[in-house]
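Pasting start.cif here (mmCIF, C-alpha atoms; chains and numbers go by the auth columns):
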data_entry
loop_
_atom_site.group_PDB
_atom_site.id
_atom_site.type_symbol
_atom_site.label_atom_id
_atom_site.label_comp_id
_atom_site.label_asym_id
_atom_site.label_seq_id
_atom_site.Cartn_x
_atom_site.Cartn_y
_atom_site.Cartn_z
_atom_site.B_iso_or_equiv
_atom_site.auth_seq_id
_atom_site.auth_asym_id
ATOM 1 C CA MET A 1 -110.927 -83.368 -47.221 0.00 1 C
ATOM 2 C CA VAL A 2 -110.391 -79.627 -47.499 0.00 2 C
ATOM 3 C CA HIS A 3 -111.063 -77.557 -44.406 0.00 3 C
ATOM 4 C CA SER A 4 -112.184 -73.975 -44.738 0.00 4 C
ATOM 5 C CA SER A 5 -110.123 -71.227 -43.097 0.00 5 C
ATOM 6 C CA SER A 6 -112.982 -70.608 -40.645 0.00 6 C
ATOM 7 C CA SER A 7 -113.062 -74.265 -39.506 0.00 7 C
ATOM 8 C CA ARG A 8 -109.267 -74.259 -39.117 0.00 8 C
ATOM 9 C CA SER A 9 -109.518 -71.096 -37.001 0.00 9 C
ATOM 10 C CA ALA A 10 -112.216 -72.644 -34.815 0.00 10 C
ATOM 11 C CA ALA A 11 -110.112 -75.761 -34.284 0.00 11 C
ATOM 12 C CA ALA A 12 -107.083 -73.656 -33.367 0.00 12 C
ATOM 13 C CA GLY A 13 -109.214 -71.635 -30.979 0.00 13 C
ATOM 14 C CA SER A 14 -110.485 -74.773 -29.269 0.00 14 C
ATOM 15 C CA ALA A 15 -106.932 -76.088 -28.868 0.00 15 C
ATOM 16 C CA ALA A 16 -105.740 -72.785 -27.440 0.00 16 C
ATOM 17 C CA ALA A 17 -108.679 -72.685 -25.033 0.00 17 C
ATOM 18 C CA PHE A 18 -107.957 -76.183 -23.688 0.00 18 C
ATOM 19 C CA SER A 19 -106.240 -76.285 -20.327 0.00 19 C
ATOM 20 C CA PRO A 20 -105.252 -79.452 -18.428 0.00 20 C
ATOM 21 C CA LEU A 21 -107.467 -80.136 -15.422 0.00 21 C
ATOM 22 C CA TYR A 22 -104.666 -79.631 -12.904 0.00 22 C
ATOM 23 C CA ARG A 23 -103.962 -76.207 -14.430 0.00 23 C
ATOM 24 C CA GLN A 24 -107.621 -75.314 -13.952 0.00 24 C
ATOM 25 C CA ILE A 25 -107.376 -76.352 -10.293 0.00 25 C
ATOM 26 C CA LYS A 26 -104.167 -74.355 -9.976 0.00 26 C
ATOM 27 C CA GLY A 27 -106.024 -71.325 -11.304 0.00 27 C
ATOM 28 C CA LEU A 28 -108.817 -71.785 -8.765 0.00 28 C
ATOM 29 C CA LEU A 29 -106.315 -72.135 -5.909 0.00 29 C
ATOM 30 C CA THR A 30 -104.462 -69.035 -7.098 0.00 30 C
ATOM 31 C CA ARG A 31 -107.753 -67.141 -7.170 0.00 31 C
ATOM 32 C CA ASP A 32 -108.395 -68.150 -3.547 0.00 32 C
ATOM 33 C CA LEU A 33 -104.881 -67.082 -2.551 0.00 33 C
ATOM 34 C CA GLN A 34 -105.373 -63.732 -4.250 0.00 34 C
ATOM 35 C CA ALA A 35 -108.712 -63.283 -2.474 0.00 35 C
ATOM 36 C CA GLY A 36 -107.011 -63.909 0.876 0.00 36 C
ATOM 37 C CA LEU A 37 -109.001 -67.046 1.673 0.00 37 C
ATOM 38 C CA TRP A 38 -105.797 -68.343 3.291 0.00 38 C
ATOM 39 C CA LYS A 39 -103.342 -65.826 4.701 0.00 39 C
ATOM 40 C CA PRO A 40 -99.537 -66.032 4.419 0.00 40 C
ATOM 41 C CA GLY A 41 -98.298 -68.628 6.889 0.00 41 C
ATOM 42 C CA GLU A 42 -101.682 -70.399 7.184 0.00 42 C
ATOM 43 C CA VAL A 43 -102.222 -74.046 6.330 0.00 43 C
ATOM 44 C CA ILE A 44 -104.485 -74.768 3.379 0.00 44 C
ATOM 45 C CA PRO A 45 -106.987 -77.670 3.292 0.00 45 C
ATOM 46 C CA SER A 46 -105.594 -81.161 2.685 0.00 46 C
ATOM 47 C CA GLU A 47 -105.383 -82.669 -0.791 0.00 47 C
ATOM 48 C CA PHE A 48 -108.280 -84.949 0.167 0.00 48 C
ATOM 49 C CA GLU A 49 -110.450 -81.971 1.171 0.00 49 C
ATOM 50 C CA LEU A 50 -109.542 -79.982 -1.929 0.00 50 C
ATOM 51 C CA ALA A 51 -110.195 -82.979 -4.181 0.00 51 C
ATOM 52 C CA ALA A 52 -113.670 -83.329 -2.685 0.00 52 C
ATOM 53 C CA ARG A 53 -114.296 -79.589 -2.991 0.00 53 C
ATOM 54 C CA PHE A 54 -113.311 -79.445 -6.682 0.00 54 C
ATOM 55 C CA LYS A 55 -114.646 -82.933 -7.503 0.00 55 C
ATOM 56 C CA VAL A 56 -111.334 -84.117 -8.956 0.00 56 C
ATOM 57 C CA SER A 57 -108.756 -86.740 -7.982 0.00 57 C
ATOM 58 C CA GLN A 58 -106.147 -86.161 -5.287 0.00 58 C
ATOM 59 C CA GLY A 59 -103.482 -86.661 -7.954 0.00 59 C
ATOM 60 C CA THR A 60 -104.859 -83.692 -9.896 0.00 60 C
ATOM 61 C CA VAL A 61 -104.822 -81.529 -6.767 0.00 61 C
ATOM 62 C CA ARG A 62 -101.309 -82.728 -5.914 0.00 62 C
ATOM 63 C CA LYS A 63 -100.012 -81.723 -9.343 0.00 63 C
ATOM 64 C CA ALA A 64 -101.579 -78.255 -9.012 0.00 64 C
ATOM 65 C CA ILE A 65 -100.045 -77.806 -5.557 0.00 65 C
ATOM 66 C CA ASP A 66 -96.674 -79.017 -6.844 0.00 66 C
ATOM 67 C CA GLU A 67 -96.625 -76.184 -9.393 0.00 67 C
ATOM 68 C CA LEU A 68 -97.679 -73.588 -6.821 0.00 68 C
ATOM 69 C CA ALA A 69 -94.924 -74.843 -4.505 0.00 69 C
ATOM 70 C CA ALA A 70 -92.372 -74.614 -7.328 0.00 70 C
ATOM 71 C CA GLU A 71 -93.461 -71.001 -7.827 0.00 71 C
ATOM 72 C CA ASN A 72 -92.963 -70.316 -4.094 0.00 72 C
ATOM 73 C CA LEU A 73 -96.646 -69.575 -3.490 0.00 73 C
ATOM 74 C CA LEU A 74 -97.104 -72.625 -1.265 0.00 74 C
ATOM 75 C CA VAL A 75 -94.722 -74.519 1.026 0.00 75 C
ATOM 76 C CA ARG A 76 -94.998 -78.222 1.850 0.00 76 C
ATOM 77 C CA ARG A 77 -93.975 -79.204 5.393 0.00 77 C
ATOM 78 C CA GLN A 78 -93.441 -82.878 6.061 0.00 78 C
ATOM 79 C CA GLY A 79 -96.072 -84.233 8.426 0.00 79 C
ATOM 80 C CA ARG A 80 -97.712 -80.830 8.894 0.00 80 C
ATOM 81 C CA GLY A 81 -99.403 -80.007 5.613 0.00 81 C
ATOM 82 C CA THR A 82 -99.150 -77.333 2.943 0.00 82 C
ATOM 83 C CA PHE A 83 -98.898 -73.671 3.921 0.00 83 C
ATOM 84 C CA VAL A 84 -99.198 -70.348 2.152 0.00 84 C
ATOM 85 C CA ALA A 85 -95.634 -69.170 1.633 0.00 85 C
ATOM 86 C CA THR A 86 -94.506 -66.011 3.379 0.00 86 C
ATOM 87 C CA HIS A 87 -91.507 -63.741 2.929 0.00 87 C
ATOM 88 C CA ALA A 88 -90.900 -64.006 6.685 0.00 88 C
ATOM 89 C CA GLU A 89 -89.617 -67.565 6.237 0.00 89 C
ATOM 90 C CA GLN A 90 -85.850 -67.975 6.312 0.00 90 C
ATOM 91 C CA ASN A 91 -85.695 -69.910 3.050 0.00 91 C
ATOM 92 C CA THR A 92 -87.634 -67.255 1.098 0.00 92 C
ATOM 93 C CA GLN A 93 -86.353 -64.042 2.672 0.00 93 C
ATOM 94 C CA TYR A 94 -83.575 -63.645 0.118 0.00 94 C
ATOM 95 C CA ARG A 95 -85.351 -64.993 -2.955 0.00 95 C
ATOM 96 C CA PHE A 96 -85.184 -61.603 -4.662 0.00 96 C
ATOM 97 C CA LEU A 97 -81.812 -60.480 -3.256 0.00 97 C
ATOM 98 C CA ARG A 98 -78.968 -62.218 -5.071 0.00 98 C
ATOM 99 C CA LEU A 99 -76.008 -60.266 -3.702 0.00 99 C
ATOM 100 C CA THR A 100 -73.500 -62.526 -1.973 0.00 100 C
ATOM 101 C CA SER A 101 -70.249 -61.753 -0.179 0.00 101 C
ATOM 102 C CA ASP A 102 -67.051 -62.935 -1.874 0.00 102 C
ATOM 103 C CA ALA A 103 -66.098 -64.365 1.536 0.00 103 C
ATOM 104 C CA GLY A 104 -68.869 -66.969 1.122 0.00 104 C
ATOM 105 C CA GLY A 105 -72.043 -67.688 3.045 0.00 105 C
ATOM 106 C CA ARG A 106 -75.035 -65.413 3.357 0.00 106 C
ATOM 107 C CA ARG A 107 -74.849 -62.750 6.011 0.00 107 C
ATOM 108 C CA GLU A 108 -77.906 -60.770 6.974 0.00 108 C
ATOM 109 C CA LEU A 109 -77.567 -57.249 5.638 0.00 109 C
ATOM 110 C CA GLN A 110 -78.454 -54.323 7.866 0.00 110 C
ATOM 111 C CA ARG A 111 -80.916 -51.702 6.630 0.00 111 C
ATOM 112 C CA ARG A 112 -80.514 -47.950 6.889 0.00 112 C
ATOM 113 C CA LEU A 113 -83.549 -45.968 5.731 0.00 113 C
ATOM 114 C CA LEU A 114 -82.575 -42.669 4.145 0.00 114 C
ATOM 115 C CA GLU A 115 -85.997 -41.403 3.076 0.00 115 C
ATOM 116 C CA CYS A 116 -89.667 -42.330 2.951 0.00 116 C
ATOM 117 C CA LYS A 117 -92.006 -39.818 1.358 0.00 117 C
ATOM 118 C CA ARG A 118 -95.143 -39.372 -0.720 0.00 118 C
ATOM 119 C CA ALA A 119 -94.716 -38.101 -4.268 0.00 119 C
ATOM 120 C CA ARG A 120 -96.389 -37.945 -7.662 0.00 120 C
ATOM 121 C CA ALA A 121 -95.471 -40.581 -10.214 0.00 121 C
ATOM 122 C CA GLY A 122 -93.418 -39.388 -13.142 0.00 122 C
ATOM 123 C CA VAL A 123 -93.988 -40.761 -16.624 0.00 123 C
ATOM 124 C CA ASP A 124 -91.548 -43.681 -16.423 0.00 124 C
ATOM 125 C CA VAL A 125 -92.575 -44.767 -12.903 0.00 125 C
ATOM 126 C CA ALA A 126 -96.276 -44.508 -13.768 0.00 126 C
ATOM 127 C CA ARG A 127 -95.779 -46.591 -16.909 0.00 127 C
ATOM 128 C CA ALA A 128 -93.886 -49.316 -15.024 0.00 128 C
ATOM 129 C CA LEU A 129 -96.454 -49.542 -12.211 0.00 129 C
ATOM 130 C CA GLY A 130 -99.533 -49.273 -14.427 0.00 130 C
ATOM 131 C CA LEU A 131 -100.481 -45.901 -12.945 0.00 131 C
ATOM 132 C CA LYS A 132 -101.397 -42.540 -14.390 0.00 132 C
ATOM 133 C CA THR A 133 -98.789 -39.798 -14.452 0.00 133 C
ATOM 134 C CA GLY A 134 -99.228 -37.787 -11.255 0.00 134 C
ATOM 135 C CA ASP A 135 -100.772 -40.645 -9.235 0.00 135 C
ATOM 136 C CA SER A 136 -99.614 -40.997 -5.642 0.00 136 C
ATOM 137 C CA VAL A 137 -96.561 -43.165 -4.977 0.00 137 C
ATOM 138 C CA VAL A 138 -94.444 -43.906 -1.913 0.00 138 C
ATOM 139 C CA VAL A 139 -90.730 -43.371 -2.510 0.00 139 C
ATOM 140 C CA LEU A 140 -88.160 -45.158 -0.342 0.00 140 C
ATOM 141 C CA ARG A 141 -84.416 -44.696 -0.407 0.00 141 C
ATOM 142 C CA ARG A 142 -82.253 -46.965 1.687 0.00 142 C
ATOM 143 C CA LEU A 143 -78.836 -48.537 2.125 0.00 143 C
ATOM 144 C CA LEU A 144 -78.093 -52.184 2.841 0.00 144 C
ATOM 145 C CA LEU A 145 -74.891 -52.690 4.791 0.00 145 C
ATOM 146 C CA ASP A 146 -72.627 -55.674 5.393 0.00 146 C
ATOM 147 C CA GLY A 147 -71.397 -54.750 8.863 0.00 147 C
ATOM 148 C CA GLU A 148 -70.497 -51.093 8.446 0.00 148 C
ATOM 149 C CA THR A 149 -69.924 -51.339 4.700 0.00 149 C
ATOM 150 C CA PRO A 150 -72.682 -50.089 2.347 0.00 150 C
ATOM 151 C CA VAL A 151 -73.188 -52.642 -0.432 0.00 151 C
ATOM 152 C CA VAL A 152 -76.609 -51.737 -1.905 0.00 152 C
ATOM 153 C CA PHE A 153 -78.376 -48.429 -2.502 0.00 153 C
ATOM 154 C CA ASP A 154 -82.066 -48.836 -3.367 0.00 154 C
ATOM 155 C CA GLU A 155 -84.641 -46.403 -4.704 0.00 155 C
ATOM 156 C CA ILE A 156 -88.109 -47.952 -4.435 0.00 156 C
ATOM 157 C CA TRP A 157 -91.458 -46.759 -5.789 0.00 157 C
ATOM 158 C CA LEU A 158 -94.734 -48.244 -4.509 0.00 158 C
ATOM 159 C CA PRO A 159 -98.328 -47.422 -5.556 0.00 159 C
ATOM 160 C CA GLY A 160 -99.745 -45.017 -2.976 0.00 160 C
ATOM 161 C CA ARG A 161 -103.177 -46.664 -3.024 0.00 161 C
ATOM 162 C CA ASP A 162 -101.687 -49.957 -1.808 0.00 162 C
ATOM 163 C CA PHE A 163 -99.419 -48.481 0.887 0.00 163 C
ATOM 164 C CA LYS A 164 -101.479 -45.671 2.386 0.00 164 C
ATOM 165 C CA ASN A 165 -100.067 -45.848 5.920 0.00 165 C
ATOM 166 C CA LEU A 166 -96.470 -46.743 5.137 0.00 166 C
ATOM 167 C CA SER A 167 -94.108 -44.341 6.894 0.00 167 C
ATOM 168 C CA SER A 168 -90.497 -44.067 7.974 0.00 168 C
ATOM 169 C CA GLU A 169 -91.637 -44.617 11.585 0.00 169 C
ATOM 170 C CA ARG A 170 -93.370 -47.880 10.652 0.00 170 C
ATOM 171 C CA LEU A 171 -90.343 -49.081 8.704 0.00 171 C
ATOM 172 C CA ALA A 172 -88.000 -48.190 11.559 0.00 172 C
ATOM 173 C CA LEU A 173 -90.044 -50.285 14.012 0.00 173 C
ATOM 174 C CA TYR A 174 -90.201 -53.368 11.788 0.00 174 C
ATOM 175 C CA ARG A 175 -87.279 -55.780 12.152 0.00 175 C
ATOM 176 C CA GLY A 176 -88.203 -58.437 9.590 0.00 176 C
ATOM 177 C CA PRO A 177 -87.852 -58.476 5.788 0.00 177 C
ATOM 178 C CA MET A 178 -89.547 -55.589 4.003 0.00 178 C
ATOM 179 C CA TYR A 179 -91.596 -57.901 1.798 0.00 179 C
ATOM 180 C CA ALA A 180 -92.896 -59.669 4.917 0.00 180 C
ATOM 181 C CA LEU A 181 -94.121 -56.290 6.195 0.00 181 C
ATOM 182 C CA PHE A 182 -95.809 -55.604 2.863 0.00 182 C
ATOM 183 C CA GLU A 183 -97.749 -58.880 2.955 0.00 183 C
ATOM 184 C CA ALA A 184 -98.566 -58.851 6.685 0.00 184 C
ATOM 185 C CA GLU A 185 -99.735 -55.250 7.052 0.00 185 C
ATOM 186 C CA PHE A 186 -100.704 -54.159 3.551 0.00 186 C
ATOM 187 C CA GLY A 187 -101.902 -57.428 2.047 0.00 187 C
ATOM 188 C CA VAL A 188 -99.497 -57.084 -0.887 0.00 188 C
ATOM 189 C CA ARG A 189 -97.504 -60.212 -1.690 0.00 189 C
ATOM 190 C CA MET A 190 -94.645 -60.104 -4.188 0.00 190 C
ATOM 191 C CA ILE A 191 -94.796 -63.379 -6.094 0.00 191 C
ATOM 192 C CA ARG A 192 -92.373 -62.788 -8.948 0.00 192 C
ATOM 193 C CA ALA A 193 -90.009 -60.188 -10.333 0.00 193 C
ATOM 194 C CA GLU A 194 -88.287 -59.167 -13.545 0.00 194 C
ATOM 195 C CA GLU A 195 -84.818 -57.631 -13.496 0.00 195 C
ATOM 196 C CA LYS A 196 -82.612 -55.655 -15.861 0.00 196 C
ATOM 197 C CA ILE A 197 -78.936 -55.639 -14.953 0.00 197 C
ATOM 198 C CA ARG A 198 -76.287 -53.285 -16.315 0.00 198 C
ATOM 199 C CA ALA A 199 -72.687 -52.513 -15.433 0.00 199 C
ATOM 200 C CA LEU A 200 -71.693 -48.907 -14.780 0.00 200 C
ATOM 201 C CA ALA A 201 -68.999 -46.821 -13.147 0.00 201 C
ATOM 202 C CA ALA A 202 -69.634 -44.988 -9.879 0.00 202 C
ATOM 203 C CA ASP A 203 -70.234 -41.275 -10.334 0.00 203 C
ATOM 204 C CA ALA A 204 -69.294 -38.743 -7.666 0.00 204 C
ATOM 205 C CA ASP A 205 -72.542 -39.163 -5.694 0.00 205 C
ATOM 206 C CA SER A 206 -72.610 -42.979 -5.668 0.00 206 C
ATOM 207 C CA ALA A 207 -68.872 -43.106 -4.945 0.00 207 C
ATOM 208 C CA GLN A 208 -69.422 -40.965 -1.858 0.00 208 C
ATOM 209 C CA LEU A 209 -72.405 -43.087 -0.827 0.00 209 C
ATOM 210 C CA PHE A 210 -70.386 -46.324 -0.977 0.00 210 C
ATOM 211 C CA GLY A 211 -67.097 -44.837 0.163 0.00 211 C
ATOM 212 C CA VAL A 212 -65.294 -45.897 -3.023 0.00 212 C
ATOM 213 C CA ALA A 213 -63.338 -44.073 -5.712 0.00 213 C
ATOM 214 C CA PRO A 214 -65.216 -42.549 -8.650 0.00 214 C
ATOM 215 C CA GLY A 215 -65.154 -44.969 -11.561 0.00 215 C
ATOM 216 C CA THR A 216 -65.425 -48.054 -9.321 0.00 216 C
ATOM 217 C CA PRO A 217 -67.491 -50.756 -11.109 0.00 217 C
ATOM 218 C CA LEU A 218 -71.083 -51.084 -9.843 0.00 218 C
ATOM 219 C CA LEU A 219 -74.084 -53.098 -10.938 0.00 219 C
ATOM 220 C CA SER A 220 -77.301 -51.287 -11.767 0.00 220 C
ATOM 221 C CA VAL A 221 -80.268 -53.577 -11.047 0.00 221 C
ATOM 222 C CA GLU A 222 -83.793 -52.494 -12.005 0.00 222 C
ATOM 223 C CA ARG A 223 -86.483 -54.790 -10.633 0.00 223 C
ATOM 224 C CA LEU A 224 -90.221 -54.761 -11.294 0.00 224 C
ATOM 225 C CA SER A 225 -92.111 -56.951 -8.806 0.00 225 C
ATOM 226 C CA PHE A 226 -95.584 -58.345 -9.364 0.00 226 C
ATOM 227 C CA THR A 227 -98.388 -59.601 -7.160 0.00 227 C
ATOM 228 C CA TYR A 228 -101.243 -61.884 -8.201 0.00 228 C
ATOM 229 C CA GLY A 229 -102.817 -61.226 -11.564 0.00 229 C
ATOM 230 C CA GLU A 230 -99.534 -59.943 -12.985 0.00 230 C
ATOM 231 C CA ARG A 231 -100.099 -56.571 -11.343 0.00 231 C
ATOM 232 C CA PRO A 232 -96.882 -54.558 -10.836 0.00 232 C
ATOM 233 C CA VAL A 233 -96.614 -53.246 -7.262 0.00 233 C
ATOM 234 C CA GLU A 234 -92.968 -52.274 -6.855 0.00 234 C
ATOM 235 C CA LEU A 235 -90.338 -50.603 -9.017 0.00 235 C
ATOM 236 C CA ARG A 236 -86.867 -50.827 -7.530 0.00 236 C
ATOM 237 C CA ARG A 237 -83.640 -49.369 -8.904 0.00 237 C
ATOM 238 C CA GLY A 238 -80.556 -50.456 -7.044 0.00 238 C
ATOM 239 C CA LEU A 239 -76.832 -49.899 -7.206 0.00 239 C
ATOM 240 C CA TYR A 240 -74.778 -52.919 -6.088 0.00 240 C
ATOM 241 C CA ARG A 241 -71.179 -52.788 -4.959 0.00 241 C
ATOM 242 C CA THR A 242 -69.025 -55.374 -6.741 0.00 242 C
ATOM 243 C CA ASP A 243 -65.546 -55.125 -5.216 0.00 243 C
ATOM 244 C CA THR A 244 -66.459 -57.274 -2.186 0.00 244 C
ATOM 245 C CA HIS A 245 -69.741 -58.865 -3.341 0.00 245 C
ATOM 246 C CA HIS A 246 -71.107 -60.565 -6.447 0.00 246 C
ATOM 247 C CA TYR A 247 -74.517 -61.166 -7.994 0.00 247 C
ATOM 248 C CA ARG A 248 -75.371 -64.865 -7.693 0.00 248 C
ATOM 249 C CA ASN A 249 -78.083 -66.679 -9.612 0.00 249 C
ATOM 250 C CA GLU A 250 -79.099 -70.299 -10.063 0.00 250 C
ATOM 251 C CA LEU A 251 -80.248 -71.524 -13.462 0.00 251 C
ATOM 252 C CA SER A 252 -82.276 -74.663 -14.025 0.00 252 C
#

Would it be possible to restate this file's structure as structure tokens?
Amino acid sequence: MVHSSSSRSAAAGSAAAFSPLYRQIKGLLTRDLQAGLWKPGEVIPSEFELAARFKVSQGTVRKAIDELAAENLLVRRQGRGTFVATHAEQNTQYRFLRLTSDAGGRRELQRRLLECKRARAGVDVARALGLKTGDSVVVLRRLLLDGETPVVFDEIWLPGRDFKNLSSERLALYRGPMYALFEAEFGVRMIRAEEKIRALAADADSAQLFGVAPGTPLLSVERLSFTYGERPVELRRGLYRTDTHHYRNELS
């Protein structure tokens, strides 16, 4: 039998449109998370309750939750239930920070805010954040220190519409992770990020900032972080010191 090109296209379209049932449930749960039906740190309904709500089996719900847990959107706690993940949790605080001391172990880095101001987005920042050139952005500049030693210099751009009341005073008062502040007070949760990493030599300004000799090897790390719906909500350009620390990643 010979199939026409139109029938082949229709068949391909139907195949592309098909989505396993658990993926459909995952999409519905993600929609509810995005809508704030359950806040970060809150327990979600049981698998039994969700299965009844969506009229599917508990196994289908379990598979959907498994994927959301693997993506760090949900956290299973033995005997307690499944919770909306939060950046305030110890095991997720450093998910996006991969700098590790050569001495081993993970020490909490101290923050030193250098600047927090309102500005207009330039062409490259606007393009990265899905804004128009000239739109309002919040610009942060800060150091992360291991003891008294600066190891990271960050420049961060955030959409002004999402962070209207963010100020240096508010940042100075907050002691937890910055991403936990973003989700708790601004309702913006970073769920994934893309990074570009390059090696470069310290120029005069960065050498002075880190207290190293000009020409010292540094890592340049540009990160674009996304919230639900693949919407970019943070552009971060960092310089990482490499003489006492290294960039650590796990591949699976």

Selection result for the PyMOL selection byres ((chain C and resi 191) around 8) on this file, as a ChimeraX atom specification: /C:71-73,189-190,192-193,225-228

Output check: residues returned by the PyMOL selection byres ((chain C and resi 48) around 12), as a list in words: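 Output from the PyMOL selection byres ((chain C and resi 48) around 12), applied to this file: Ile44, Pro45, Ser46, Glu47, Glu49, Leu50, Ala51, Ala52, Arg53, Phe54, Lys55, Val56, Ser57, Gln58, Gly59, Thr60, Val61, Arg62 and Gly81 of chain C.
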
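This file, queried with the PyMOL selection byres ((chain C and resi 27) around 12), gives the residues Ser19, Pro20, Leu21, Tyr22, Arg23, Gln24, Ile25, Lys26, Leu28, Leu29, Thr30, Arg31, Asp32, Leu33, Gln34, Phe54, Val61, Ala64, Ile65, Glu67, Leu68, Tyr228 and Gly229 of chain C.
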
C:Ala69, C:Val137, C:Ala172, C:Ala128 ranked by distance to Val84 of chain C, top pick (using only C-alpha atoms):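 Closest candidate: C:Ala69.
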
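Straight-line separation from atom CA of Arg76 of chain C to atom CA of Tyr174 of chain C: 27.2 Å.
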
Polymer residues at most 10 Å from (-89.0, -41.2, -8.8) by only C-alpha atoms, as a ChimeraX atom specification: /C:119-126,137-140,155-157,235-237

Residue nearest Pro214 of chain C among C:Ala202, C:Leu171, C:Glu42, C:Ala184 (counting all atoms listed in the file):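 Of C:Ala202, C:Leu171, C:Glu42, C:Ala184, the one nearest Pro214 of chain C is C:Ala202, counting all atoms listed in the file.
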
Gap from atom CA of Arg141 of chain C to atom CA of Glu115 of chain C - Å, one decimal: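 Atom CA of Glu115 of chain C lies at a distance of 5.0 Å from atom CA of Arg141 of chain C.
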
Protein and nucleic acid residues near (-72.8, -54.1, -6.9) (cut-off 10 Å, all atoms listed in the file) as a list in words: Leu99, Thr100, Val151, Val152, Phe153, Ala199, Leu200, Thr216, Pro217, Leu218, Leu219, Ser220, Val221, Gly238, Leu239, Tyr240, Arg241, Thr242, Asp243, Thr244, His245, His246 and Tyr247 of chain C

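For the pair atom CA of Gly36 of chain C and atom CA of Pro232 of chain C, the interatomic distance is 18.1 Å.
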
Proximity to Leu144 of chain C - best of C:Arg231, C:Glu194, C:Phe210, C:Arg112, all atoms listed in the file: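 The closest residue to Leu144 of chain C is C:Arg112.
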
Exercise: Gly160 of chain C partners within 8 Å, all atoms listed in the file, chain neighbours under 2 positions left out, as a list in words: Arg118, Asp135, Ser136, Val137, Val138, Leu158, Asp162, Phe163 and Lys164 of chain C

Exercise on segment 75-79 of chain C, axis-aligned box with 3 Å per side, report centre and edge lengths in Å to one decimal, as JSON:
{"center_x": -94.8, "center_y": -79.4, "center_z": 4.7, "size_x": 8.6, "size_y": 15.7, "size_z": 13.4}

Counting only C-alpha atoms, the residue of C:Gly211, C:Ile197, C:Lys117, C:Val233 that sits nearest Arg161 of chain C: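 Comparing C:Gly211, C:Ile197, C:Lys117, C:Val233 against Arg161 of chain C, the winner is C:Val233.
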